[in-house]
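The file run_18.txt comes next; it holds compact mmCIF, C-alpha atoms (C1' of nucleotides).
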# COMPACT_ATOMS: atom_id res chain seq x y z
CA MET A 1 49.94 101.88 -108.59
CA GLU A 2 46.25 102.26 -107.80
CA ASP A 3 45.87 104.11 -104.54
CA ASN A 4 42.16 103.50 -104.13
CA HIS A 5 43.04 100.87 -101.54
CA ILE A 6 42.17 101.48 -97.94
CA ILE A 7 45.25 101.66 -95.73
CA THR A 8 44.88 99.77 -92.47
CA THR A 9 46.32 101.04 -89.24
CA LEU A 10 49.00 98.38 -89.40
CA GLY A 11 49.77 99.76 -92.86
CA TYR A 12 50.39 103.19 -91.37
CA ALA A 13 52.48 101.70 -88.59
CA LEU A 14 54.71 100.08 -91.22
CA LEU A 15 54.88 103.30 -93.24
CA ALA A 16 55.93 105.14 -90.09
CA LEU A 17 58.76 102.68 -89.54
CA VAL A 18 59.91 102.67 -93.15
CA ALA A 19 59.79 106.48 -93.14
CA ARG A 20 62.59 106.46 -90.59
CA GLN A 21 64.64 103.76 -92.22
CA ALA A 22 64.32 101.44 -95.22
CA SER A 23 63.77 97.93 -93.86
CA SER A 24 63.02 94.33 -94.74
CA GLY A 25 59.95 92.51 -93.45
CA TYR A 26 62.12 90.79 -90.91
CA ASP A 27 63.63 94.11 -89.76
CA LEU A 28 60.15 95.54 -89.41
CA ALA A 29 59.03 92.62 -87.30
CA GLN A 30 61.94 93.33 -84.95
CA ARG A 31 61.47 97.08 -84.93
CA LEU A 32 57.75 96.76 -84.31
CA LYS A 33 58.47 95.15 -80.97
CA ARG A 34 60.12 98.12 -79.38
CA PRO A 35 59.12 100.83 -78.84
CA ILE A 36 56.06 100.57 -81.12
CA GLY A 37 55.13 97.25 -79.57
CA PHE A 38 54.19 99.19 -76.45
CA PHE A 39 51.17 100.64 -78.28
CA TRP A 40 50.83 98.71 -81.54
CA SER A 41 51.56 95.06 -82.27
CA ALA A 42 51.49 92.62 -85.16
CA ASN A 43 52.66 89.16 -86.09
CA PRO A 44 55.40 88.64 -88.67
CA SER A 45 53.05 86.83 -91.04
CA HIS A 46 50.68 89.75 -90.98
CA ILE A 47 53.50 92.15 -91.66
CA TYR A 48 54.54 90.32 -94.81
CA SER A 49 51.05 90.29 -96.25
CA GLU A 50 50.52 93.94 -95.35
CA LEU A 51 53.78 94.90 -97.05
CA ALA A 52 52.54 93.20 -100.22
CA ARG A 53 49.31 95.23 -100.04
CA LEU A 54 51.16 98.49 -99.46
CA GLU A 55 53.42 97.80 -102.41
CA LYS A 56 50.48 96.99 -104.67
CA ALA A 57 48.95 100.30 -103.60
CA GLY A 58 52.15 102.06 -104.65
CA LEU A 59 53.00 103.37 -101.19
CA ILE A 60 56.27 101.50 -100.84
CA THR A 61 58.78 99.86 -103.24
CA HIS A 62 61.45 97.32 -102.63
CA GLN A 63 64.84 96.42 -103.98
CA SER A 64 66.19 92.94 -103.47
CA ILE A 65 69.48 92.94 -101.62
CA GLU A 66 71.60 89.87 -102.21
CA GLN A 67 73.78 89.08 -99.26
CA ALA A 68 76.85 86.87 -99.21
CA THR A 69 76.21 85.15 -95.92
CA ARG A 70 72.47 85.73 -95.39
CA PRO A 71 69.41 85.03 -97.53
CA THR A 72 68.40 87.69 -100.02
CA LYS A 73 66.13 90.28 -98.48
CA LYS A 74 63.63 92.82 -99.79
CA LEU A 75 64.48 96.30 -98.62
CA PHE A 76 61.34 98.43 -98.56
CA SER A 77 61.30 102.20 -98.79
CA LEU A 78 58.59 104.86 -98.99
CA THR A 79 57.44 106.20 -102.32
CA GLU A 80 56.39 109.83 -102.63
CA SER A 81 52.73 108.89 -102.42
CA GLY A 82 53.49 106.76 -99.39
CA GLN A 83 55.12 109.66 -97.61
CA ALA A 84 52.24 111.96 -98.54
CA ALA A 85 49.68 109.43 -97.28
CA LEU A 86 51.54 109.06 -93.99
CA ARG A 87 51.97 112.80 -93.51
CA ASP A 88 48.24 113.34 -94.12
CA TRP A 89 47.21 110.53 -91.84
CA VAL A 90 49.17 111.56 -88.74
CA THR A 91 47.03 114.64 -88.19
CA THR A 92 43.64 113.24 -89.20
CA SER A 93 41.30 113.09 -86.27
CA VAL A 94 41.09 109.81 -84.38
CA GLU A 95 37.55 108.65 -83.93
CA PRO A 96 37.37 107.06 -80.50
CA ALA A 97 37.70 103.33 -81.04
CA PRO A 98 35.32 101.02 -79.19
CA PRO A 99 37.26 100.18 -76.05
CA HIS A 100 38.11 96.64 -75.00
CA ASP A 101 39.57 96.30 -71.55
CA GLU A 102 39.32 92.81 -70.08
CA LEU A 103 40.46 93.74 -66.62
CA VAL A 104 37.80 96.42 -66.25
CA LEU A 105 35.23 93.96 -67.52
CA ARG A 106 36.24 91.59 -64.74
CA ALA A 107 35.92 94.40 -62.25
CA TYR A 108 32.33 94.83 -63.41
CA ALA A 109 31.53 91.28 -62.28
CA ILE A 110 34.02 91.07 -59.40
CA TRP A 111 31.27 91.23 -56.76
CA LEU A 112 30.62 87.55 -57.60
CA ALA A 113 34.16 86.51 -56.73
CA ASP A 114 35.99 85.37 -53.67
CA PRO A 115 37.56 88.58 -52.26
CA ASP A 116 40.89 86.86 -51.57
CA LYS A 117 41.22 85.82 -55.18
CA ALA A 118 40.21 89.29 -56.30
CA ILE A 119 42.97 90.84 -54.22
CA GLN A 120 45.46 88.44 -55.74
CA LEU A 121 44.34 89.34 -59.25
CA PHE A 122 44.76 93.06 -58.76
CA GLN A 123 47.99 92.67 -56.85
CA ARG A 124 49.47 90.71 -59.75
CA GLN A 125 48.25 93.38 -62.11
CA LYS A 126 49.80 96.07 -59.93
CA GLU A 127 53.17 94.37 -60.10
CA TYR A 128 52.92 94.09 -63.84
CA HIS A 129 52.18 97.79 -64.30
CA LYS A 130 54.86 98.73 -61.81
CA ALA A 131 57.42 96.82 -63.85
CA ARG A 132 56.22 98.40 -67.06
CA LEU A 133 56.39 101.86 -65.59
CA ALA A 134 59.94 101.29 -64.37
CA GLU A 135 60.95 100.04 -67.81
CA TYR A 136 59.49 103.10 -69.56
CA ARG A 137 61.13 105.49 -67.13
CA GLN A 138 64.47 103.82 -67.68
CA ILE A 139 64.22 104.10 -71.46
CA LEU A 140 63.11 107.72 -71.10
CA ALA A 141 66.09 108.52 -68.90
CA ARG A 142 68.38 106.96 -71.48
CA ILE A 143 67.04 108.94 -74.41
CA GLU A 144 67.12 112.13 -72.34
CA ARG A 145 70.78 111.47 -71.59
CA THR A 146 71.66 110.96 -75.25
CA HIS A 147 69.76 114.09 -76.32
CA GLU A 148 70.88 116.66 -73.81
CA ALA A 149 70.28 119.54 -76.20
CA GLY A 150 66.57 118.74 -76.07
CA ILE A 151 64.15 116.89 -78.27
CA THR A 152 61.95 119.06 -80.45
CA VAL A 153 58.74 118.14 -82.22
CA THR A 154 60.24 117.95 -85.69
CA MET A 155 62.87 115.34 -84.80
CA PRO A 156 62.18 111.65 -85.45
CA GLU A 157 63.32 111.06 -81.87
CA PHE A 158 60.32 113.03 -80.73
CA GLY A 159 58.19 110.05 -81.77
CA ASN A 160 59.94 107.81 -79.25
CA TYR A 161 59.90 110.54 -76.64
CA ALA A 162 56.16 111.21 -77.02
CA THR A 163 55.12 107.56 -77.05
CA LEU A 164 57.16 106.89 -73.93
CA HIS A 165 55.38 109.70 -72.18
CA ALA A 166 52.05 108.23 -73.28
CA GLY A 167 53.11 104.91 -71.82
CA ILE A 168 54.12 106.49 -68.53
CA TYR A 169 50.85 108.38 -68.18
CA SER A 170 48.80 105.29 -68.90
CA GLU A 171 50.82 102.93 -66.70
CA GLN A 172 50.57 105.35 -63.81
CA ALA A 173 46.80 105.43 -64.27
CA ALA A 174 46.53 101.64 -64.45
CA LEU A 175 48.73 101.32 -61.38
CA GLY A 176 46.67 103.89 -59.50
CA TRP A 177 43.43 102.11 -60.29
CA CYS A 178 44.77 98.66 -59.33
CA HIS A 179 46.00 100.14 -56.08
CA TRP A 180 42.55 101.61 -55.45
CA MET A 181 40.95 98.23 -56.18
CA VAL A 182 43.22 96.39 -53.75
CA ASP A 183 42.50 99.04 -51.16
CA GLN A 184 38.74 98.55 -51.56
CA PHE A 185 39.08 94.84 -50.93
CA GLU A 186 41.41 95.31 -47.99
CA ARG A 187 39.06 97.80 -46.43
CA HIS A 188 36.29 95.23 -46.82
CA ALA A 189 38.40 92.55 -45.16
CA ARG A 190 39.08 94.82 -42.17
CA GLN A 191 35.43 95.75 -41.74
CA ASP A 192 34.08 92.24 -42.22
CA PRO A 193 36.66 90.13 -40.41
CA GLU A 194 36.15 86.38 -40.55
CA GLN A 195 32.77 86.88 -42.19
CA GLU A 196 33.08 83.59 -44.05
CA LYS A 197 34.02 81.49 -41.05
CA MET B 1 25.14 70.98 -72.81
CA GLU B 2 28.73 70.40 -73.89
CA ASP B 3 30.90 72.91 -72.17
CA ASN B 4 34.07 72.20 -74.12
CA HIS B 5 33.39 75.43 -76.01
CA ILE B 6 35.71 78.36 -75.55
CA ILE B 7 33.95 81.36 -74.09
CA THR B 8 34.90 84.60 -75.76
CA THR B 9 35.32 87.81 -73.82
CA LEU B 10 32.06 89.10 -75.26
CA GLY B 11 30.52 85.89 -73.94
CA TYR B 12 31.70 86.74 -70.42
CA ALA B 13 30.47 90.31 -70.82
CA LEU B 14 27.02 88.95 -71.62
CA LEU B 15 27.16 86.49 -68.74
CA ALA B 16 28.07 89.36 -66.42
CA LEU B 17 25.02 91.31 -67.56
CA VAL B 18 22.66 88.35 -67.38
CA ALA B 19 24.02 87.55 -63.91
CA ARG B 20 22.57 90.83 -62.69
CA GLN B 21 19.28 90.57 -64.50
CA ALA B 22 17.64 88.17 -66.97
CA SER B 23 17.48 89.95 -70.31
CA SER B 24 16.61 89.61 -73.98
CA GLY B 25 19.15 90.17 -76.74
CA TYR B 26 17.69 93.58 -77.31
CA ASP B 27 17.93 94.46 -73.61
CA LEU B 28 21.53 93.35 -73.59
CA ALA B 29 22.34 95.52 -76.59
CA GLN B 30 20.97 98.50 -74.65
CA ARG B 31 22.63 97.59 -71.39
CA LEU B 32 25.98 97.03 -73.10
CA LYS B 33 26.09 100.67 -74.04
CA ARG B 34 26.24 102.07 -70.55
CA PRO B 35 28.19 101.66 -68.39
CA ILE B 36 29.87 98.60 -69.96
CA GLY B 37 30.15 100.41 -73.29
CA PHE B 38 32.82 102.56 -71.66
CA PHE B 39 35.20 99.59 -71.60
CA TRP B 40 33.60 96.87 -73.73
CA SER B 41 31.50 97.18 -76.85
CA ALA B 42 29.63 94.98 -79.32
CA ASN B 43 27.12 95.23 -82.12
CA PRO B 44 23.63 93.82 -81.72
CA SER B 45 24.16 91.24 -84.45
CA HIS B 46 27.21 89.96 -82.68
CA ILE B 47 25.30 89.77 -79.42
CA TYR B 48 22.58 87.57 -80.92
CA SER B 49 25.04 85.10 -82.39
CA GLU B 50 27.04 85.03 -79.17
CA LEU B 51 23.89 84.32 -77.15
CA ALA B 52 23.19 81.36 -79.39
CA ARG B 53 26.69 80.04 -78.77
CA LEU B 54 26.40 80.51 -75.00
CA GLU B 55 23.10 78.68 -74.98
CA LYS B 56 24.52 75.80 -77.02
CA ALA B 57 27.33 75.60 -74.46
CA GLY B 58 24.73 75.32 -71.69
CA LEU B 59 25.76 78.52 -69.92
CA ILE B 60 22.46 80.31 -70.38
CA THR B 61 18.85 79.28 -71.09
CA HIS B 62 15.94 81.25 -72.36
CA GLN B 63 12.20 81.28 -71.97
CA SER B 64 10.08 82.91 -74.63
CA ILE B 65 7.95 85.71 -73.25
CA GLU B 66 4.88 86.48 -75.31
CA GLN B 67 3.87 90.09 -75.01
CA ALA B 68 0.50 91.60 -75.87
CA THR B 69 1.76 94.73 -77.53
CA ARG B 70 5.37 93.87 -78.36
CA PRO B 71 6.97 91.05 -80.29
CA THR B 72 7.75 87.86 -78.41
CA LYS B 73 11.15 88.03 -76.77
CA LYS B 74 13.64 85.49 -75.47
CA LEU B 75 14.50 86.14 -71.86
CA PHE B 76 17.93 84.74 -71.10
CA SER B 77 19.13 83.74 -67.67
CA LEU B 78 22.26 82.10 -66.26
CA THR B 79 22.43 78.37 -65.70
CA GLU B 80 24.38 77.01 -62.78
CA SER B 81 27.31 76.16 -65.00
CA GLY B 82 27.12 79.65 -66.48
CA GLN B 83 27.38 81.24 -63.06
CA ALA B 84 30.27 78.96 -62.13
CA ALA B 85 32.11 79.80 -65.35
CA LEU B 86 31.66 83.51 -64.76
CA ARG B 87 32.71 83.33 -61.13
CA ASP B 88 35.86 81.43 -62.09
CA TRP B 89 36.70 83.77 -64.93
CA VAL B 90 36.55 87.05 -62.99
CA THR B 91 39.61 86.21 -60.96
CA THR B 92 41.69 84.45 -63.64
CA SER B 93 44.77 86.42 -64.49
CA VAL B 94 44.58 88.73 -67.45
CA GLU B 95 47.45 88.24 -69.85
CA PRO B 96 48.34 91.66 -71.15
CA ALA B 97 46.62 92.02 -74.50
CA PRO B 98 48.63 93.43 -77.40
CA PRO B 99 47.88 97.14 -77.20
CA HIS B 100 46.41 99.10 -80.09
CA ASP B 101 46.34 102.84 -79.62
CA GLU B 102 45.97 104.80 -82.83
CA LEU B 103 46.63 108.18 -81.30
CA VAL B 104 49.95 107.08 -79.84
CA LEU B 105 50.86 105.56 -83.18
CA ARG B 106 50.27 108.94 -84.79
CA ALA B 107 52.44 110.56 -82.16
CA TYR B 108 55.24 108.21 -83.22
CA ALA B 109 55.18 109.72 -86.72
CA ILE B 110 54.08 113.24 -85.76
CA TRP B 111 57.50 114.73 -86.50
CA LEU B 112 56.52 114.50 -90.20
CA ALA B 113 53.44 116.67 -89.72
CA ASP B 114 52.67 120.35 -89.87
CA PRO B 115 52.93 121.49 -86.21
CA ASP B 116 49.76 123.59 -86.46
CA LYS B 117 47.74 120.58 -87.54
CA ALA B 118 49.33 118.51 -84.80
CA ILE B 119 48.27 121.02 -82.17
CA GLN B 120 44.74 120.95 -83.52
CA LEU B 121 44.66 117.15 -83.36
CA PHE B 122 45.72 116.98 -79.74
CA GLN B 123 43.55 119.90 -78.72
CA ARG B 124 40.49 118.11 -80.17
CA GLN B 125 41.54 114.98 -78.34
CA LYS B 126 41.94 116.96 -75.12
CA GLU B 127 38.41 118.28 -75.39
CA TYR B 128 37.10 114.80 -76.01
CA HIS B 129 38.77 113.37 -72.92
CA LYS B 130 37.74 116.36 -70.84
CA ALA B 131 34.11 115.73 -71.76
CA ARG B 132 34.42 112.03 -70.97
CA LEU B 133 35.99 112.74 -67.62
CA ALA B 134 33.22 115.16 -66.71
CA GLU B 135 30.61 112.58 -67.69
CA TYR B 136 32.21 109.88 -65.56
CA ARG B 137 32.52 112.17 -62.57
CA GLN B 138 28.89 113.12 -62.86
CA ILE B 139 27.75 109.48 -62.94
CA LEU B 140 30.03 108.69 -60.02
CA ALA B 141 28.60 111.55 -57.98
CA ARG B 142 25.10 110.26 -58.70
CA ILE B 143 25.79 106.71 -57.58
CA GLU B 144 27.59 107.99 -54.49
CA ARG B 145 24.52 110.04 -53.63
CA THR B 146 22.16 107.04 -53.99
CA HIS B 147 24.43 104.79 -51.90
CA GLU B 148 25.29 106.95 -48.95
CA ALA B 149 25.82 103.95 -46.71
CA GLY B 150 28.76 103.02 -48.88
CA ILE B 151 29.41 100.55 -51.66
CA THR B 152 31.21 97.38 -50.66
CA VAL B 153 32.98 94.87 -52.84
CA THR B 154 30.27 92.21 -52.66
CA MET B 155 27.50 94.45 -54.00
CA PRO B 156 26.63 94.38 -57.71
CA GLU B 157 26.82 98.17 -57.57
CA PHE B 158 30.50 97.82 -56.84
CA GLY B 159 30.94 96.78 -60.49
CA ASN B 160 29.66 100.13 -61.70
CA TYR B 161 31.62 101.95 -59.02
CA ALA B 162 34.90 100.23 -59.86
CA THR B 163 34.58 100.60 -63.62
CA LEU B 164 33.80 104.29 -63.27
CA HIS B 165 36.94 104.73 -61.23
CA ALA B 166 38.89 102.93 -63.93
CA GLY B 167 37.43 105.30 -66.50
CA ILE B 168 38.35 108.33 -64.44
CA TYR B 169 41.94 107.19 -63.94
CA SER B 170 42.40 106.47 -67.61
CA GLU B 171 40.73 109.65 -68.88
CA GLN B 172 42.85 111.72 -66.54
CA ALA B 173 45.94 110.05 -67.95
CA ALA B 174 44.85 110.58 -71.55
CA LEU B 175 44.03 114.20 -70.79
CA GLY B 176 47.37 114.73 -69.11
CA TRP B 177 49.27 113.30 -72.03
CA CYS B 178 47.35 115.32 -74.62
CA HIS B 179 48.03 118.41 -72.57
CA TRP B 180 51.72 117.55 -72.50
CA MET B 181 51.71 117.05 -76.28
CA VAL B 182 50.06 120.41 -76.94
CA ASP B 183 52.57 122.01 -74.60
CA GLN B 184 55.48 120.48 -76.52
CA PHE B 185 54.20 121.94 -79.77
CA GLU B 186 53.50 125.35 -78.26
CA ARG B 187 56.95 125.48 -76.76
CA HIS B 188 58.35 124.71 -80.20
CA ALA B 189 56.25 127.50 -81.76
CA ARG B 190 57.60 130.00 -79.22
CA GLN B 191 61.23 128.99 -79.72
CA ASP B 192 61.01 128.83 -83.51
CA PRO B 193 58.79 131.78 -84.32
CA GLU B 194 57.87 132.23 -87.97
CA GLN B 195 60.34 129.53 -88.92
CA GLU B 196 58.31 128.59 -91.96
CA LYS B 197 57.94 132.12 -93.33
C1' DA C 1 74.51 67.95 -83.45
C1' DT C 2 71.33 71.32 -82.30
C1' DT C 3 69.68 75.65 -81.49
C1' DC C 4 69.43 80.49 -82.69
C1' DA C 5 69.16 84.33 -85.93
C1' DC C 6 68.09 85.56 -90.51
C1' DA C 7 64.59 85.63 -94.12
C1' DT C 8 59.93 85.00 -96.53
C1' DG C 9 55.77 83.60 -97.03
C1' DT C 10 50.74 80.58 -97.31
C1' DA C 11 46.48 78.86 -95.19
C1' DA C 12 43.01 78.57 -91.95
C1' DA C 13 40.36 80.05 -88.29
C1' DG C 14 38.62 83.39 -85.05
C1' DG C 15 36.31 87.46 -83.67
C1' DG C 16 34.31 91.83 -84.79
C1' DT C 17 31.98 95.20 -87.84
C1' DT C 18 28.81 96.45 -91.43
C1' DA C 19 25.05 95.66 -94.24
C1' DC C 20 20.84 93.67 -94.95
C1' DA C 21 16.10 91.49 -94.00
C1' DT C 22 11.73 91.44 -91.45
C1' DG C 23 7.84 93.08 -88.93
C1' DA C 24 4.73 95.22 -85.15
C1' DT C 25 3.41 99.28 -82.41
C1' DT C 26 3.65 103.99 -80.57
C1' DG C 27 4.28 108.95 -80.83
C1' DG C 28 4.71 113.22 -83.37
C1' DC D 1 2.42 109.43 -92.71
C1' DC D 2 6.93 108.85 -90.89
C1' DA D 3 10.22 108.07 -87.53
C1' DA D 4 11.51 105.75 -83.47
C1' DT D 5 11.42 101.80 -80.42
C1' DC D 6 11.01 96.98 -79.75
C1' DA D 7 12.63 92.49 -81.38
C1' DT D 8 15.51 88.83 -83.89
C1' DG D 9 18.47 87.27 -86.87
C1' DT D 10 21.69 86.06 -91.57
C1' DA D 11 25.54 86.95 -94.65
C1' DA D 12 29.60 88.92 -96.08
C1' DC D 13 33.70 91.01 -95.18
C1' DC D 14 37.84 92.64 -92.76
C1' DC D 15 41.52 92.43 -89.65
C1' DT D 16 44.21 89.73 -86.65
C1' DT D 17 46.12 85.57 -84.73
C1' DT D 18 47.89 81.00 -85.03
C1' DA D 19 49.80 77.31 -87.36
C1' DC D 20 52.48 75.66 -90.84
C1' DA D 21 56.24 75.44 -94.53
C1' DT D 22 61.03 76.27 -96.07
C1' DG D 23 65.89 77.12 -96.06
C1' DT D 24 70.89 78.96 -94.86
C1' DG D 25 74.71 80.01 -91.82
C1' DA D 26 76.72 80.93 -87.26
C1' DA D 27 77.38 79.79 -82.67
C1' DT D 28 77.40 76.44 -78.61

Transcribe the structure of this file into structure tokens.
Amino acid sequence: MEDNHIITTLGYALLALVARQASSGYDLAQRLKRPIGFFWSANPSHIYSELARLEKAGLITHQSIEQATRPTKKLFSLTESGQAALRDWVTTSVEPAPPHDELVLRAYAIWLADPDKAIQLFQRQKEYHKARLAEYRQILARIERTHEAGITVTMPEFGNYATLHAGIYSEQAALGWCHWMVDQFERHARQDPEQEK
Amino acid sequence: MEDNHIITTLGYALLALVARQASSGYDLAQRLKRPIGFFWSANPSHIYSELARLEKAGLITHQSIEQATRPTKKLFSLTESGQAALRDWVTTSVEPAPPHDELVLRAYAIWLADPDKAIQLFQRQKEYHKARLAEYRQILARIERTHEAGITVTMPEFGNYATLHAGIYSEQAALGWCHWMVDQFERHARQDPEQEK
DNA sequence: ATTCACATGTAAAGGGTTACATGATTGG
DNA sequence: CCAATCATGTAACCCTTTACATGTGAAT
């Protein structure tokens, strides 16, 4: 009932999912994988504890659903204050989070490395981003096919649509940079042939 | 001396800095801001405790430098095993870290929001990324001017060069997406004029 | 018979952020 | 006189990850 609790970002992620459809903790763990998993992730155990916090804060409630063939589950749904909190949050300004990009950190020290190994690293990374990009484009094509009339900003589907676009933009950028990195190393190999021998 | 300790990513970030120049904790806190701060960040207090861990693991050593006018400082430098660990690490494959992007998470639930507020959010974000991009481009131009002979992959400067490129790619992507988002909302406003009144 | 899917949690540890404590010197 | 810079750390807290614990029913 007290809403003087701070809501974590995972809390908002769960509210956003429950806002679309009432779900159990297990459901949420599944739904968090895709498409939210592309930009926000959590472990099942964390989800359960966060749900307990959200309920204590009065943002969600649950009803226990007894099932004949499956274990009883808790179906969570948004309360009014939960919906209000979520609606307010989505347009609050995002203060730029301290970035943490391991690959870029490696690039900062890559001058110490064996160039061959460096090429391999960035080539692997390129393949990974290429695969991701293809996956996103495929999902995008599918949702565009099922919504021929167009997806507008007030439809829940717009969430999926927008996040997929975000993914495509960022994968393209990552791919472009990895390509540039490989190119730098290959250029070096051509200009300094057999330098090590 | 025991090197059965796990090195955290911050640990490697510090090793990468010390590899270029022996530094005190305070120096490292300053140097971590720019340009590493663009892709990896840490608080001073965390840096000091991490330095202690790295030293216990035998990856760095320090000598105390007594200064006439300033407090005594500990100047840290890489040990041989520290350099080896860093060199190995830079080319190890990066397993894709679980992503956490708050802005994209908001986009997932943005259909609940007032479209005007949504436009404002993404416009602010656009301005932010525009400023970042301009900053990176300026720094890049400066380092290109000071290294007219070219920057090759075995030079320490290549670290700065490569990370700046990474920043430019990713800011362009963020900017592009924010622009796309604003466009979606403006298109909606044109098609649904005065819907709310 | 065993694995997979459903279903819910507790406990511990790790890594990062924030707050706090201390103290000297230089510049405005 | 006060703020900023130099310089090092401790303690507490928060969020996240990993490991563990428990149990049923359906499918292979």

Each residue of chain D lying at most 9 Å from chain B should get a row with its shortest atom-to-atom pair and the distance in Å to one decimal, counting only C-alpha atoms (C1' of nucleotides); could you produce that, ordered by chain and increasing number, as CSV?
residue,atom,partner,partner_atom,distance
D:DC6,C1',B:Arg70,CA,6.6
D:DA7,C1',B:Pro71,CA,5.9
D:DT8,C1',B:Tyr48,CA,7.8
D:DG9,C1',B:Tyr48,CA,7.2

Counting only C-alpha atoms (C1' of nucleotides), find residues at most 12 Å from (29.7, 97.5, -74.3) (file frame) and give them as a compact mmCIF listing (two decimals) with C-alpha atoms, in the frame of the given file.
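This is the output file point_13.txt:
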# COMPACT_ATOMS: atom_id res chain seq x y z
CA ALA A 97 37.70 103.33 -81.04
CA PRO A 98 35.32 101.02 -79.19
CA PRO A 99 37.26 100.18 -76.05
CA HIS A 100 38.11 96.64 -75.00
CA ASP A 101 39.57 96.30 -71.55
CA GLU A 102 39.32 92.81 -70.08
CA VAL A 104 37.80 96.42 -66.25
CA LEU A 105 35.23 93.96 -67.52
CA TYR A 108 32.33 94.83 -63.41
CA THR B 9 35.32 87.81 -73.82
CA LEU B 10 32.06 89.10 -75.26
CA GLY B 11 30.52 85.89 -73.94
CA TYR B 12 31.70 86.74 -70.42
CA ALA B 13 30.47 90.31 -70.82
CA LEU B 14 27.02 88.95 -71.62
CA ALA B 16 28.07 89.36 -66.42
CA LEU B 17 25.02 91.31 -67.56
CA LEU B 28 21.53 93.35 -73.59
CA ALA B 29 22.34 95.52 -76.59
CA GLN B 30 20.97 98.50 -74.65
CA ARG B 31 22.63 97.59 -71.39
CA LEU B 32 25.98 97.03 -73.10
CA LYS B 33 26.09 100.67 -74.04
CA ARG B 34 26.24 102.07 -70.55
CA PRO B 35 28.19 101.66 -68.39
CA ILE B 36 29.87 98.60 -69.96
CA GLY B 37 30.15 100.41 -73.29
CA PHE B 38 32.82 102.56 -71.66
CA PHE B 39 35.20 99.59 -71.60
CA TRP B 40 33.60 96.87 -73.73
CA SER B 41 31.50 97.18 -76.85
CA ALA B 42 29.63 94.98 -79.32
CA ASN B 43 27.12 95.23 -82.12
CA PRO B 44 23.63 93.82 -81.72
CA HIS B 46 27.21 89.96 -82.68
CA ILE B 47 25.30 89.77 -79.42

Could I get the residues of chain B with an atom no further than 7 Å from an atom of chain A, each paired with its nearest atom pair and that distance in Å to one decimal, using only C-alpha atoms, sorted by chain and residue number, as a tab-separated table?
residue	atom	partner	partner_atom	distance
B:Ala13	CA	A:Leu105	CA	6.8
B:Ala16	CA	A:Ala109	CA	5.7
B:Phe38	CA	A:Pro99	CA	6.7
B:Phe39	CA	A:Pro99	CA	4.9
B:Trp40	CA	A:His100	CA	4.7
B:Ser41	CA	A:Pro98	CA	5.9
B:Arg87	CA	A:Ala113	CA	5.6
B:Val90	CA	A:Arg106	CA	4.9
B:Thr91	CA	A:Ala118	CA	5.6
B:Ser93	CA	A:Leu121	CA	6.0
B:Val94	CA	A:Leu103	CA	6.5
B:Pro98	CA	A:Ser41	CA	5.9
B:Pro99	CA	A:Phe39	CA	4.9
B:His100	CA	A:Trp40	CA	4.7
B:Asp101	CA	A:Phe39	CA	5.5
B:Leu103	CA	A:Val94	CA	6.5
B:Val104	CA	A:Thr163	CA	5.9
B:Leu105	CA	A:Ala13	CA	6.8
B:Arg106	CA	A:Val90	CA	4.9
B:Ala107	CA	A:Gly159	CA	5.8
B:Tyr108	CA	A:Gly159	CA	3.8
B:Ala109	CA	A:Ala16	CA	5.7
B:Ile110	CA	A:Val90	CA	6.0
B:Trp111	CA	A:Thr154	CA	4.3
B:Leu112	CA	A:Arg87	CA	5.9
B:Ala113	CA	A:Arg87	CA	5.6
B:Lys117	CA	A:Thr91	CA	6.0
B:Ala118	CA	A:Thr91	CA	5.6
B:Leu121	CA	A:Thr91	CA	5.9
B:Thr152	CA	A:His188	CA	6.7
B:Val153	CA	A:Trp111	CA	5.6
B:Thr154	CA	A:Trp111	CA	4.3
B:Met155	CA	A:Trp111	CA	5.7
B:Pro156	CA	A:Trp111	CA	5.7
B:Phe158	CA	A:Trp111	CA	6.6
B:Gly159	CA	A:Tyr108	CA	3.8
B:Asn160	CA	A:Tyr108	CA	6.2
B:Ala162	CA	A:Ala107	CA	6.4
B:Thr163	CA	A:Val104	CA	5.9
B:Ala166	CA	A:Trp177	CA	5.9
B:Tyr169	CA	A:Ala173	CA	5.2
B:Ser170	CA	A:Ala173	CA	5.6
B:Ala173	CA	A:Tyr169	CA	5.2
B:Trp177	CA	A:Ala166	CA	5.9
B:Gln184	CA	A:Val153	CA	7.0
B:Phe185	CA	A:Val153	CA	6.4
B:His188	CA	A:Thr152	CA	6.7

Pick out the chain C residues within 10 Å of chain A. Count only C-alpha atoms (C1' of nucleotides). Give them as a ChimeraX atom specification.
/C:6-10

Please write as a ChimeraX atom specification the list of polymer residues whose atoms come within 9 Å of (37.0, 92.2, -86.2), counting only C-alpha atoms (C1' of nucleotides) and keeping to the coordinates of the file.
/C:15-17 /D:14-16

Report the distance between CA of Leu78 (chain A) and CA of Ile6 (chain A) in Å, rounded to one decimal place.
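CA of Ile6 (chain A) lies at a distance of 16.8 Å from CA of Leu78 (chain A).
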
Can you list, as a list of chain:residue names, every protein, DNA or RNA residue that comes within 12 Å of DG27 (chain C) when you count all atoms listed in the file, leaving out same-chain residues fewer than 3 positions away?
D:DC2, D:DA3, D:DA4, D:DT5

Those same residues, written as an mmCIF file, in the coordinates of the input with C-alpha atoms (C1' of nucleotides)?
data_model
loop_
_atom_site.group_PDB
_atom_site.id
_atom_site.type_symbol
_atom_site.label_atom_id
_atom_site.label_comp_id
_atom_site.auth_asym_id
_atom_site.auth_seq_id
_atom_site.Cartn_x
_atom_site.Cartn_y
_atom_site.Cartn_z
ATOM 1 C "C1'" DC D 2 6.930 108.850 -90.890
ATOM 2 C "C1'" DA D 3 10.220 108.070 -87.530
ATOM 3 C "C1'" DA D 4 11.510 105.750 -83.470
ATOM 4 C "C1'" DT D 5 11.420 101.800 -80.420
#
